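Undergrad: See query-v9.cif below, with mmCIF, C-alpha atoms.
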```
data_target
#
loop_
_atom_site.label_atom_id
_atom_site.label_comp_id
_atom_site.auth_asym_id
_atom_site.auth_seq_id
_atom_site.Cartn_x
_atom_site.Cartn_y
_atom_site.Cartn_z
CA MET S 1 30.44 52.01 106.34
CA PHE S 2 30.94 50.08 103.19
CA SER S 3 31.40 46.48 102.20
CA GLU S 4 33.78 45.73 99.34
CA PHE S 5 32.62 45.00 95.86
CA SER S 6 34.36 44.35 92.61
CA GLU S 7 32.06 45.14 89.68
CA ARG S 8 34.03 46.98 86.97
CA LEU S 9 32.25 49.29 84.56
CA THR S 10 32.92 51.93 81.92
CA PRO S 11 31.16 55.34 81.64
CA ARG S 12 28.70 55.90 78.80
CA LYS S 13 27.06 59.01 77.35
CA VAL S 14 24.06 60.84 78.91
CA THR S 15 21.19 58.41 79.71
CA MET S 16 23.36 55.58 78.42
CA ARG S 17 26.36 57.17 80.08
CA ARG S 18 25.80 55.83 83.56
CA ASN S 19 27.72 53.21 85.44
CA VAL S 20 25.67 51.26 87.98
CA ILE S 21 27.57 50.26 91.08
CA THR S 22 26.38 47.29 93.11
CA SER S 23 25.01 47.93 96.60
CA LEU S 24 27.36 48.96 99.39
CA GLY S 25 26.76 48.30 103.07
CA ILE S 26 26.79 50.83 105.88
CA VAL S 27 29.24 49.44 108.46
CA GLY S 28 32.88 50.47 107.95
CA ILE S 29 34.61 51.92 104.88
CA ALA S 30 36.29 49.73 102.34
CA ALA S 31 37.81 50.42 98.95
CA LEU S 32 35.70 50.94 95.87
CA ALA S 33 36.89 48.85 92.95
CA LEU S 34 35.76 51.28 90.28
CA THR S 35 37.39 51.66 86.89
CA GLY S 36 36.72 53.81 83.88
CA CYS S 37 36.28 57.01 85.91
CA GLN S 38 38.62 59.97 85.95
CA ALA S 39 41.21 59.98 88.75
CA ALA S 40 44.09 62.28 89.56
CA ASP S 41 46.57 62.80 86.74
CA PRO S 42 49.78 61.16 88.04
CA THR S 43 51.90 63.49 85.87
CA GLY S 44 50.46 66.57 87.55
CA ASN S 45 49.44 67.91 84.12
CA ASP S 46 46.55 70.24 85.00
CA SER S 47 45.90 71.23 81.38
CA ALA S 48 45.43 67.59 80.37
CA ALA S 49 43.11 67.00 83.32
CA ALA S 50 41.09 70.09 82.43
CA ASP S 51 40.37 68.64 78.97
CA ALA S 52 39.13 65.35 80.35
CA PRO S 53 35.43 64.64 81.04
CA ILE S 54 33.98 65.90 84.31
CA THR S 55 32.89 62.83 86.26
CA ILE S 56 30.01 62.75 88.74
CA ALA S 57 28.78 60.05 91.13
CA THR S 58 25.06 60.20 91.84
CA ILE S 59 22.24 58.10 93.21
CA PRO S 60 19.45 57.42 90.67
CA MET S 61 16.84 60.18 90.81
CA SER S 62 13.99 58.63 88.81
CA ASP S 63 13.16 55.45 86.92
CA ASP S 64 10.04 56.86 85.25
CA PRO S 65 10.58 56.51 81.46
CA THR S 66 7.84 59.07 80.77
CA ALA S 67 9.52 61.89 82.73
CA GLU S 68 12.68 63.88 82.08
CA ASN S 69 15.39 62.47 84.34
CA PRO S 70 16.96 65.21 86.52
CA VAL S 71 20.38 63.54 86.22
CA ASP S 72 20.21 63.89 82.44
CA VAL S 73 19.17 67.52 82.89
CA LEU S 74 22.14 68.10 85.20
CA VAL S 75 24.49 66.62 82.59
CA GLU S 76 23.00 68.74 79.81
CA LEU S 77 23.22 71.99 81.79
CA LEU S 78 26.72 71.36 83.12
CA GLU S 79 28.03 70.48 79.67
CA ALA S 80 26.51 73.70 78.32
CA GLU S 81 28.12 75.83 81.04
CA THR S 82 31.57 74.21 80.94
CA GLY S 83 31.89 73.17 77.30
CA ARG S 84 33.16 69.81 78.53
CA GLU S 85 31.82 66.27 78.40
CA VAL S 86 30.18 65.07 81.61
CA GLU S 87 30.08 61.41 82.65
CA VAL S 88 27.85 59.98 85.39
CA THR S 89 28.34 56.93 87.59
CA ASP S 90 25.19 55.71 89.37
CA VAL S 91 25.75 54.36 92.87
CA PRO S 92 23.12 52.99 95.25
CA ASP S 93 23.42 55.37 98.20
CA TYR S 94 24.94 58.63 99.43
CA LEU S 95 27.89 57.08 101.23
CA SER S 96 28.85 55.29 98.03
CA VAL S 97 29.03 58.74 96.41
CA VAL S 98 31.34 59.89 99.21
CA GLU S 99 33.63 56.91 98.81
CA ALA S 100 33.82 57.29 95.03
CA ILE S 101 35.01 60.89 95.52
CA ARG S 102 37.28 60.02 98.42
CA ALA S 103 38.95 57.27 96.37
CA ASP S 104 39.59 59.63 93.40
CA HIS S 105 37.30 57.66 91.08
CA VAL S 106 35.06 60.63 90.26
CA ASP S 107 35.47 64.41 90.42
CA ILE S 108 32.32 65.49 92.26
CA GLY S 109 29.07 64.41 93.88
CA ILE S 110 25.99 66.36 94.93
CA MET S 111 25.01 65.62 98.50
CA SER S 112 22.54 66.61 101.17
CA GLY S 113 23.78 68.16 104.40
CA PHE S 114 24.51 65.17 106.61
CA PRO S 115 26.55 63.02 104.22
CA SER S 116 28.39 66.22 103.29
CA ALA S 117 29.31 66.72 106.94
CA LEU S 118 30.36 63.09 107.30
CA ALA S 119 32.53 63.31 104.21
CA VAL S 120 34.18 66.65 104.97
CA ASN S 121 34.88 65.43 108.49
CA THR S 122 37.21 62.76 107.11
CA GLY S 123 39.62 65.46 105.96
CA GLU S 124 39.88 63.59 102.65
CA VAL S 125 37.06 65.24 100.66
CA ASP S 126 36.56 68.93 99.83
CA ALA S 127 33.34 70.91 99.79
CA LEU S 128 33.44 72.74 96.47
CA LEU S 129 30.37 74.76 97.36
CA ALA S 130 27.41 74.47 99.73
CA TRP S 131 23.88 75.81 99.93
CA PRO S 132 22.82 77.22 103.33
CA GLY S 133 19.48 76.07 104.67
CA ASP S 134 16.33 78.08 105.20
CA ASP S 135 13.58 78.07 107.83
CA LYS S 136 11.44 75.41 106.13
CA PRO S 137 10.92 71.89 107.52
CA VAL S 138 13.11 69.33 105.80
CA SER S 139 11.29 66.05 106.44
CA THR S 140 8.00 64.45 107.29
CA CYS S 141 6.72 60.93 107.82
CA VAL S 142 3.99 59.75 105.46
CA VAL S 143 1.19 57.29 106.24
CA LEU S 144 -1.68 55.96 104.17
CA ASN S 145 -4.88 57.89 104.66
CA ASN S 146 -6.63 55.02 106.46
CA SER S 147 -3.83 54.70 109.03
CA PRO S 148 -4.69 55.27 112.71
CA VAL S 149 -1.44 57.23 113.08
CA LYS S 150 -2.12 60.96 113.58
CA THR S 151 1.04 62.29 115.23
CA PRO S 152 4.72 61.28 115.39
CA ALA S 153 4.12 59.87 118.89
CA ASP S 154 1.57 57.44 117.40
CA LEU S 155 4.42 55.73 115.55
CA LYS S 156 5.46 54.01 118.76
CA GLY S 157 5.57 50.27 118.14
CA LYS S 158 5.37 50.76 114.37
CA THR S 159 7.70 49.88 111.50
CA ILE S 160 9.10 52.88 109.61
CA ALA S 161 10.86 53.00 106.25
CA PHE S 162 13.82 55.34 105.86
CA ALA S 163 15.50 56.08 102.55
CA ASP S 164 19.18 55.63 103.37
CA GLN S 165 21.32 55.69 106.50
CA ALA S 166 23.21 58.68 105.12
CA SER S 167 20.17 60.63 103.89
CA SER S 168 19.49 63.99 105.53
CA SER S 169 15.79 64.19 104.68
CA GLY S 170 15.18 60.43 104.56
CA TYR S 171 16.88 59.49 107.84
CA PHE S 172 18.71 62.00 110.03
CA MET S 173 16.07 64.72 110.20
CA PRO S 174 13.04 62.42 110.68
CA VAL S 175 14.92 60.42 113.35
CA SER S 176 15.55 63.72 115.12
CA MET S 177 11.84 64.59 114.78
CA LEU S 178 10.86 61.23 116.29
CA HIS S 179 13.39 61.76 119.09
CA GLU S 180 11.69 65.07 119.90
CA ALA S 181 8.41 63.14 120.09
CA GLY S 182 9.96 60.80 122.68
CA LEU S 183 10.61 57.86 120.35
CA GLU S 184 14.00 56.17 120.05
CA GLN S 185 15.00 53.93 117.16
CA GLY S 186 15.25 50.23 118.04
CA THR S 187 13.33 50.75 121.27
CA ASP S 188 10.12 52.50 120.30
CA TYR S 189 9.97 51.71 116.59
CA GLU S 190 11.59 49.42 114.04
CA ALA S 191 13.55 51.03 111.21
CA ILE S 192 14.07 49.53 107.78
CA PHE S 193 16.22 51.07 105.03
CA ALA S 194 14.65 50.98 101.61
CA GLY S 195 17.62 52.11 99.54
CA GLY S 196 16.04 55.42 98.55
CA HIS S 197 12.89 57.50 98.81
CA GLU S 198 11.17 55.55 96.02
CA GLY S 199 11.81 52.32 97.93
CA SER S 200 10.29 53.81 101.08
CA PHE S 201 7.15 54.80 99.19
CA ALA S 202 6.89 51.35 97.63
CA ALA S 203 7.21 49.68 101.06
CA LEU S 204 4.40 51.88 102.39
CA GLU S 205 2.18 51.27 99.37
CA GLN S 206 2.65 47.51 99.67
CA GLY S 207 1.85 47.48 103.39
CA GLN S 208 5.35 46.41 104.46
CA VAL S 209 5.72 49.40 106.80
CA ASP S 210 3.42 51.70 108.74
CA ALA S 211 5.09 54.92 107.65
CA ALA S 212 7.74 56.23 105.27
CA CYS S 213 9.92 59.15 106.32
CA THR S 214 11.01 61.35 103.45
CA ALA S 215 11.80 64.83 102.19
CA PHE S 216 8.96 67.28 102.75
CA MET S 217 9.76 68.70 99.31
CA LEU S 218 9.00 65.39 97.58
CA THR S 219 5.47 65.29 98.99
CA GLU S 220 4.85 68.67 97.34
CA MET S 221 6.22 67.63 93.95
CA GLY S 222 3.75 64.87 93.11
CA ALA S 223 4.36 62.22 90.46
CA PRO S 224 6.76 60.82 89.48
CA MET S 225 8.81 61.85 92.53
CA PHE S 226 5.91 61.15 94.95
CA PRO S 227 3.54 58.35 93.89
CA PHE S 228 0.46 59.00 96.06
CA GLU S 229 -2.58 60.96 94.94
CA ASP S 230 -4.44 63.44 97.14
CA GLY S 231 -6.62 61.53 99.56
CA GLU S 232 -4.36 58.47 99.58
CA TRP S 233 -1.85 59.72 102.16
CA ARG S 234 -1.27 62.03 105.10
CA ALA S 235 1.84 63.73 106.47
CA VAL S 236 2.63 63.06 110.12
CA GLY S 237 4.79 65.74 111.71
CA GLU S 238 7.43 68.09 110.37
CA SER S 239 11.15 68.11 111.16
CA ALA S 240 13.24 71.13 112.02
CA PRO S 241 15.06 73.05 109.27
CA MET S 242 18.69 72.29 108.38
CA ALA S 243 21.55 74.78 108.53
CA VAL S 244 22.99 73.34 105.30
CA MET S 245 20.72 72.12 102.53
CA GLY S 246 23.44 70.39 100.55
CA SER S 247 26.79 70.65 98.87
CA VAL S 248 28.90 69.66 95.92
CA LEU S 249 31.81 67.56 97.17
CA ALA S 250 35.03 67.22 95.20
CA ARG S 251 38.08 65.00 95.27
CA GLN S 252 41.05 66.79 96.81
CA SER S 253 43.24 65.97 93.79
CA LEU S 254 40.93 67.91 91.44
CA ASP S 255 43.00 70.21 89.24
CA ALA S 256 42.74 73.96 89.87
CA GLU S 257 41.33 74.81 86.45
CA THR S 258 38.45 72.33 86.74
CA ARG S 259 37.81 73.39 90.33
CA THR S 260 37.46 77.04 89.30
CA GLN S 261 35.36 76.11 86.27
CA LEU S 262 32.91 74.16 88.44
CA GLU S 263 32.72 76.90 91.07
CA GLU S 264 31.63 79.28 88.32
CA ALA S 265 29.38 76.89 86.38
CA LEU S 266 27.43 75.14 89.13
CA PRO S 267 25.65 78.24 90.51
CA LYS S 268 24.44 78.89 86.94
CA VAL S 269 23.28 75.30 86.55
CA PHE S 270 21.34 75.55 89.81
CA SER S 271 19.67 78.83 88.91
CA ALA S 272 16.01 79.50 89.68
CA GLU S 273 15.09 79.17 86.00
CA ASN S 274 16.25 75.53 86.02
CA LYS S 275 14.37 74.56 89.19
CA GLU S 276 11.48 72.73 87.54
CA ARG S 277 13.65 70.73 85.14
CA LEU S 278 16.10 69.74 87.89
CA ALA S 279 13.20 68.17 89.83
CA GLY S 280 14.78 66.26 92.74
CA TYR S 281 17.80 68.56 92.59
CA GLY S 282 15.51 71.58 92.45
CA GLY S 283 15.66 72.19 96.19
CA PHE S 284 19.04 73.83 95.63
CA ALA S 285 17.98 75.86 92.60
CA GLY S 286 17.93 79.60 93.12
CA LEU S 287 19.77 79.47 96.45
CA GLU S 288 22.98 81.46 96.85
CA PRO S 289 25.84 79.01 97.46
CA VAL S 290 28.87 79.47 99.67
CA ILE S 291 32.01 78.78 97.65
CA ALA S 292 34.69 76.55 99.24
CA PRO S 293 33.09 76.45 102.72
CA LYS S 294 35.31 75.52 105.65
CA PRO S 295 34.66 72.28 107.58
CA ASP S 296 33.11 74.17 110.50
CA PHE S 297 30.31 75.24 108.13
CA PHE S 298 28.87 71.75 108.76
CA SER S 299 29.38 71.63 112.54
CA SER S 300 25.67 72.07 113.33
CA PHE S 301 25.03 68.48 112.29
CA ALA S 302 26.95 66.92 115.18
CA ASP S 303 24.09 66.83 117.73
CA ILE S 304 21.51 65.45 115.29
CA ALA S 305 23.97 62.84 114.03
CA ALA S 306 24.47 61.68 117.61
CA ILE S 307 20.69 61.23 118.03
CA ALA S 308 20.75 58.96 114.98
CA GLY S 309 23.63 57.00 116.48
CA VAL S 310 26.23 58.27 114.03
CA GLU S 311 29.34 60.09 115.14
CA LEU S 312 30.87 62.47 112.62
CA GLU S 313 34.26 60.99 113.55
CA ASP S 314 33.17 57.56 112.30
CA LEU S 315 34.45 58.23 108.80
CA LYS S 316 37.96 59.30 109.84
#
```
As a first step, turn the structure in this file into structure tokens.
TA:
Amino acid sequence: MFSEFSERLTPRKVTMRRNVITSLGIVGIAALALTGCQAADPTGNDSAAADAPITIATIPMSDDPTAENPVDVLVELLEAETGREVEVTDVPDYLSVVEAIRADHVDIGIMSGFPSALAVNTGEVDALLAWPGDDKPVSTCVVLNNSPVKTPADLKGKTIAFADQASSSGYFMPVSMLHEAGLEQGTDYEAIFAGGHEGSFAALEQGQVDAACTAFMLTEMGAPMFPFEDGEWRAVGESAPMAVMGSVLARQSLDAETRTQLEEALPKVFSAENKERLAGYGGFAGLEPVIAPKPDFFSSFADIAAIAGVELEDLK
């Protein structure tokens, strides 16, 4: 699922604290050549590890300089709850987050349901906690208001932008929705991957695609997370709900003290009162997490992953 890369970077503080990792492919896993991030303490000294910064891999959430960045908010809240420094490494996609954790280059990553299932299925990444889903639709496909497309079936023969091949709301769930409408990827429509939800919206705005499939939640949030004004766009179809909204994944070598600290701190960070400030992470805010869920907690994703042409065993 990944191509190799060799850019070496060092963590920096808060907004300036982010590493930016060059783009990774999606066909076969290879090693991440990351440096400067916390890995397992080879001496087994848990107390030393527990004093070190907590390291997080994340995809960029916003590039709007006029808005509060939810990643910065996450850092601020987690530092307040743990009393420890938090360092962030930006990576381009969800599977890059998984590999950074799997390779012991960061402590944790916050993931949506499908990449969580893919990662846990390797047996090399732990789910620290997970948020069960609800009965709300996860995804929709967006078209410009002057588009002739009215229903998902009308997307036959069209070009559709998806966020990321490991995105729950920006790929797996809308592909499942299109499957239910009788459309199969590569046969009935052309898929392009825009590298994130913002890229999908840009491709639609610039006329490069006929539709952009994205998180239903983003269409309700408005700017800067969703760039279209009322009257400029329409939603086409709604996906099914997901059994698991998302999770916090952790490296298996994470020391016990930090693990316990995060299990206690993260539910407080993702409290209902922080929902608005967490913006793109706000879908988890206020939900009651399951602590240390077992791998079978994610088993419901197998059928939908198969529709998208991804086997959960692919990452083993």
Undergrad: So that each row is one residue of region 45-156 of chain S with an atom at most 10 Å from region 255-270 of chain S, can you give its shortest atom pair and the distance in Å to one decimal, using all atoms listed in the file, rows by chain and rising number, as CSV?
TA:
```
residue,atom,partner,partner_atom,distance
S:Asn45,CA,S:Asp255,CA,8.5
S:Asp46,CA,S:Asp255,CA,5.5
S:Ser47,CA,S:Glu257,CA,7.7
S:Ala48,CA,S:Asp255,CA,9.6
S:Ala49,CA,S:Asp255,CA,6.7
S:Ala50,CA,S:Thr258,CA,5.5
S:Asp51,CA,S:Thr258,CA,8.8
S:Ala52,CA,S:Thr258,CA,9.5
S:Ile54,CA,S:Thr258,CA,8.2
S:Val73,CA,S:Val269,CA,9.5
S:Leu74,CA,S:Val269,CA,7.4
S:Val75,CA,S:Val269,CA,9.6
S:Glu76,CA,S:Val269,CA,9.4
S:Leu77,CA,S:Val269,CA,5.8
S:Leu78,CA,S:Val269,CA,6.3
S:Glu79,CA,S:Ala265,CA,9.4
S:Ala80,CA,S:Val269,CA,9.0
S:Glu81,CA,S:Ala265,CA,5.6
S:Thr82,CA,S:Ala265,CA,6.4
S:Asp107,CA,S:Thr258,CA,9.2
S:Ile108,CA,S:Leu262,CA,9.5
S:Leu128,CA,S:Glu263,CA,6.9
S:Leu129,CA,S:Glu263,CA,7.0
S:Trp131,CA,S:Pro267,CA,9.9
```
Undergrad: Rounded to one decimal in Å, what is the spacing between CA of Asp134 (chain S) and CA of Phe284 (chain S)?
TA: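 That distance, rounded to one decimal, is 10.8 Å.
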Undergrad: Box for region 175-183 of chain S: with edges along x, y and z, all listed atoms inside and 8 Å added on each side, what are the centre and edge lengths in Å to one decimal, as AutoDock Vina command-line options?
TA:
```
--center_x 12.0 --center_y 61.5 --center_z 118.0 --size_x 23.1 --size_y 23.2 --size_z 25.3
```
Undergrad: Please provide as a list in words all residues within 6 Å of region 165-168 of chain S, with the sequence filter that same-chain residues fewer than 2 positions apart are discarded (counting only C-alpha atoms).
TA: Tyr94, Ser112, Phe114, Pro115, Gly170, Tyr171, Phe172 and Met173 of chain S
Undergrad: Excluding Asp93 (chain S) and any residue of its chain fewer than 5 positions from it, enumerate the residues within 9 Å of it, using only C-alpha atoms, and give them as a list in words.
TA: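 Counting only the stated atoms, we get Ser23, Leu24, Thr58, Ile59, Pro60, Asp164, Gln165, Ala166, Ser167, Gly195 and Gly196 of chain S.
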Undergrad: Which residue is closest to Cys141 (chain S)? Choose from S:Ala191, S:Ile101, S:Ala119, S:Val236 and count only C-alpha atoms.
TA: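 Of all the options, S:Val236 lies closest to Cys141 (chain S).
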Undergrad: Using the chain letters and numbers from this file, what does the PyMOL selection byres ((chain S and resi 153) around 9) select? Give the answer as a PyMOL selection string.
TA: chain S and resi 149-152+154-156+178+181-183
Undergrad: In Å, with one decimal, what is the gap from CA of Asp72 (chain S) to CA of Ala243 (chain S)?
TA: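 Separation of CA of Asp72 (chain S) and CA of Ala243 (chain S): 28.3 Å.
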Undergrad: So what does the PyMOL selection byres ((chain S and resi 247-252) around 8) actually pick up in this one, as a ChimeraX atom specification?
TA: /S:98,101-104,106-113,116,124-131,244-246,253-254
Undergrad: What does the distance between CA of Asp135 (chain S) and CA of Pro241 (chain S) come to in Å, to one decimal place?
TA: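 These two atoms are separated by 5.4 Å.
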Undergrad: Go through S:His197, S:His179, S:Lys136, S:Lys158 one by one, measure the shortest atom-to-atom distance of each to Gly280 (chain S) using all atoms listed in the file, and give the residue with the smallest value.
TA: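 Checking each candidate against Gly280 (chain S), we get S:His197 as the closest.
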Undergrad: From the list S:Ala163, S:Val86, S:Ala302, S:Leu287, which residue is nearest Ile56 (chain S) when using only C-alpha atoms?
TA: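 So, comparing all the options, the nearest one is S:Val86.
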Undergrad: Neighbours of Leu144 (chain S) within 12 Å (all atoms listed in the file; same-chain residues fewer than 3 positions away dropped), as a PDB file with C-alpha atoms, in the frame of the given file?
TA:
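See part.pdb below for the written result:
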```pdb
ATOM      1  CA  CYS S 141       6.720  60.930 107.820  1.00  0.00           C
ATOM      2  CA  SER S 147      -3.830  54.700 109.030  1.00  0.00           C
ATOM      3  CA  PRO S 148      -4.690  55.270 112.710  1.00  0.00           C
ATOM      4  CA  VAL S 149      -1.440  57.230 113.080  1.00  0.00           C
ATOM      5  CA  LYS S 150      -2.120  60.960 113.580  1.00  0.00           C
ATOM      6  CA  PHE S 201       7.150  54.800  99.190  1.00  0.00           C
ATOM      7  CA  ALA S 202       6.890  51.350  97.630  1.00  0.00           C
ATOM      8  CA  ALA S 203       7.210  49.680 101.060  1.00  0.00           C
ATOM      9  CA  LEU S 204       4.400  51.880 102.390  1.00  0.00           C
ATOM     10  CA  GLU S 205       2.180  51.270  99.370  1.00  0.00           C
ATOM     11  CA  GLN S 206       2.650  47.510  99.670  1.00  0.00           C
ATOM     12  CA  GLY S 207       1.850  47.480 103.390  1.00  0.00           C
ATOM     13  CA  GLN S 208       5.350  46.410 104.460  1.00  0.00           C
ATOM     14  CA  VAL S 209       5.720  49.400 106.800  1.00  0.00           C
ATOM     15  CA  ASP S 210       3.420  51.700 108.740  1.00  0.00           C
ATOM     16  CA  ALA S 211       5.090  54.920 107.650  1.00  0.00           C
ATOM     17  CA  ALA S 212       7.740  56.230 105.270  1.00  0.00           C
ATOM     18  CA  PRO S 227       3.540  58.350  93.890  1.00  0.00           C
ATOM     19  CA  PHE S 228       0.460  59.000  96.060  1.00  0.00           C
ATOM     20  CA  GLU S 229      -2.580  60.960  94.940  1.00  0.00           C
ATOM     21  CA  ASP S 230      -4.440  63.440  97.140  1.00  0.00           C
ATOM     22  CA  GLY S 231      -6.620  61.530  99.560  1.00  0.00           C
ATOM     23  CA  GLU S 232      -4.360  58.470  99.580  1.00  0.00           C
ATOM     24  CA  TRP S 233      -1.850  59.720 102.160  1.00  0.00           C
ATOM     25  CA  ARG S 234      -1.270  62.030 105.100  1.00  0.00           C
ATOM     26  CA  ALA S 235       1.840  63.730 106.470  1.00  0.00           C
ATOM     27  CA  VAL S 236       2.630  63.060 110.120  1.00  0.00           C
TER      28      VAL S 236
END
```
Undergrad: Taking only C-alpha atoms into account, which of S:Thr55, S:Ser300, S:Thr140, S:Thr219 comes nearest Met242 (chain S)?
TA: S:Ser300
Undergrad: Would you mind listing what lies within 10 Å of Ala67 (chain S) as a ChimeraX atom specification, with all atoms listed in the file counted and same-chain residues fewer than 6 positions away left out?
TA: /S:223-225
Undergrad: Those residues you just picked out, can you put them in a file as a PDB file, in the coordinates of the input with C-alpha atoms?
TA:
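As a result, out39.pdb now contains:
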```pdb
ATOM      1  CA  ALA S 223       4.360  62.220  90.460  1.00  0.00           C
ATOM      2  CA  PRO S 224       6.760  60.820  89.480  1.00  0.00           C
ATOM      3  CA  MET S 225       8.810  61.850  92.530  1.00  0.00           C
TER       4      MET S 225
END
```
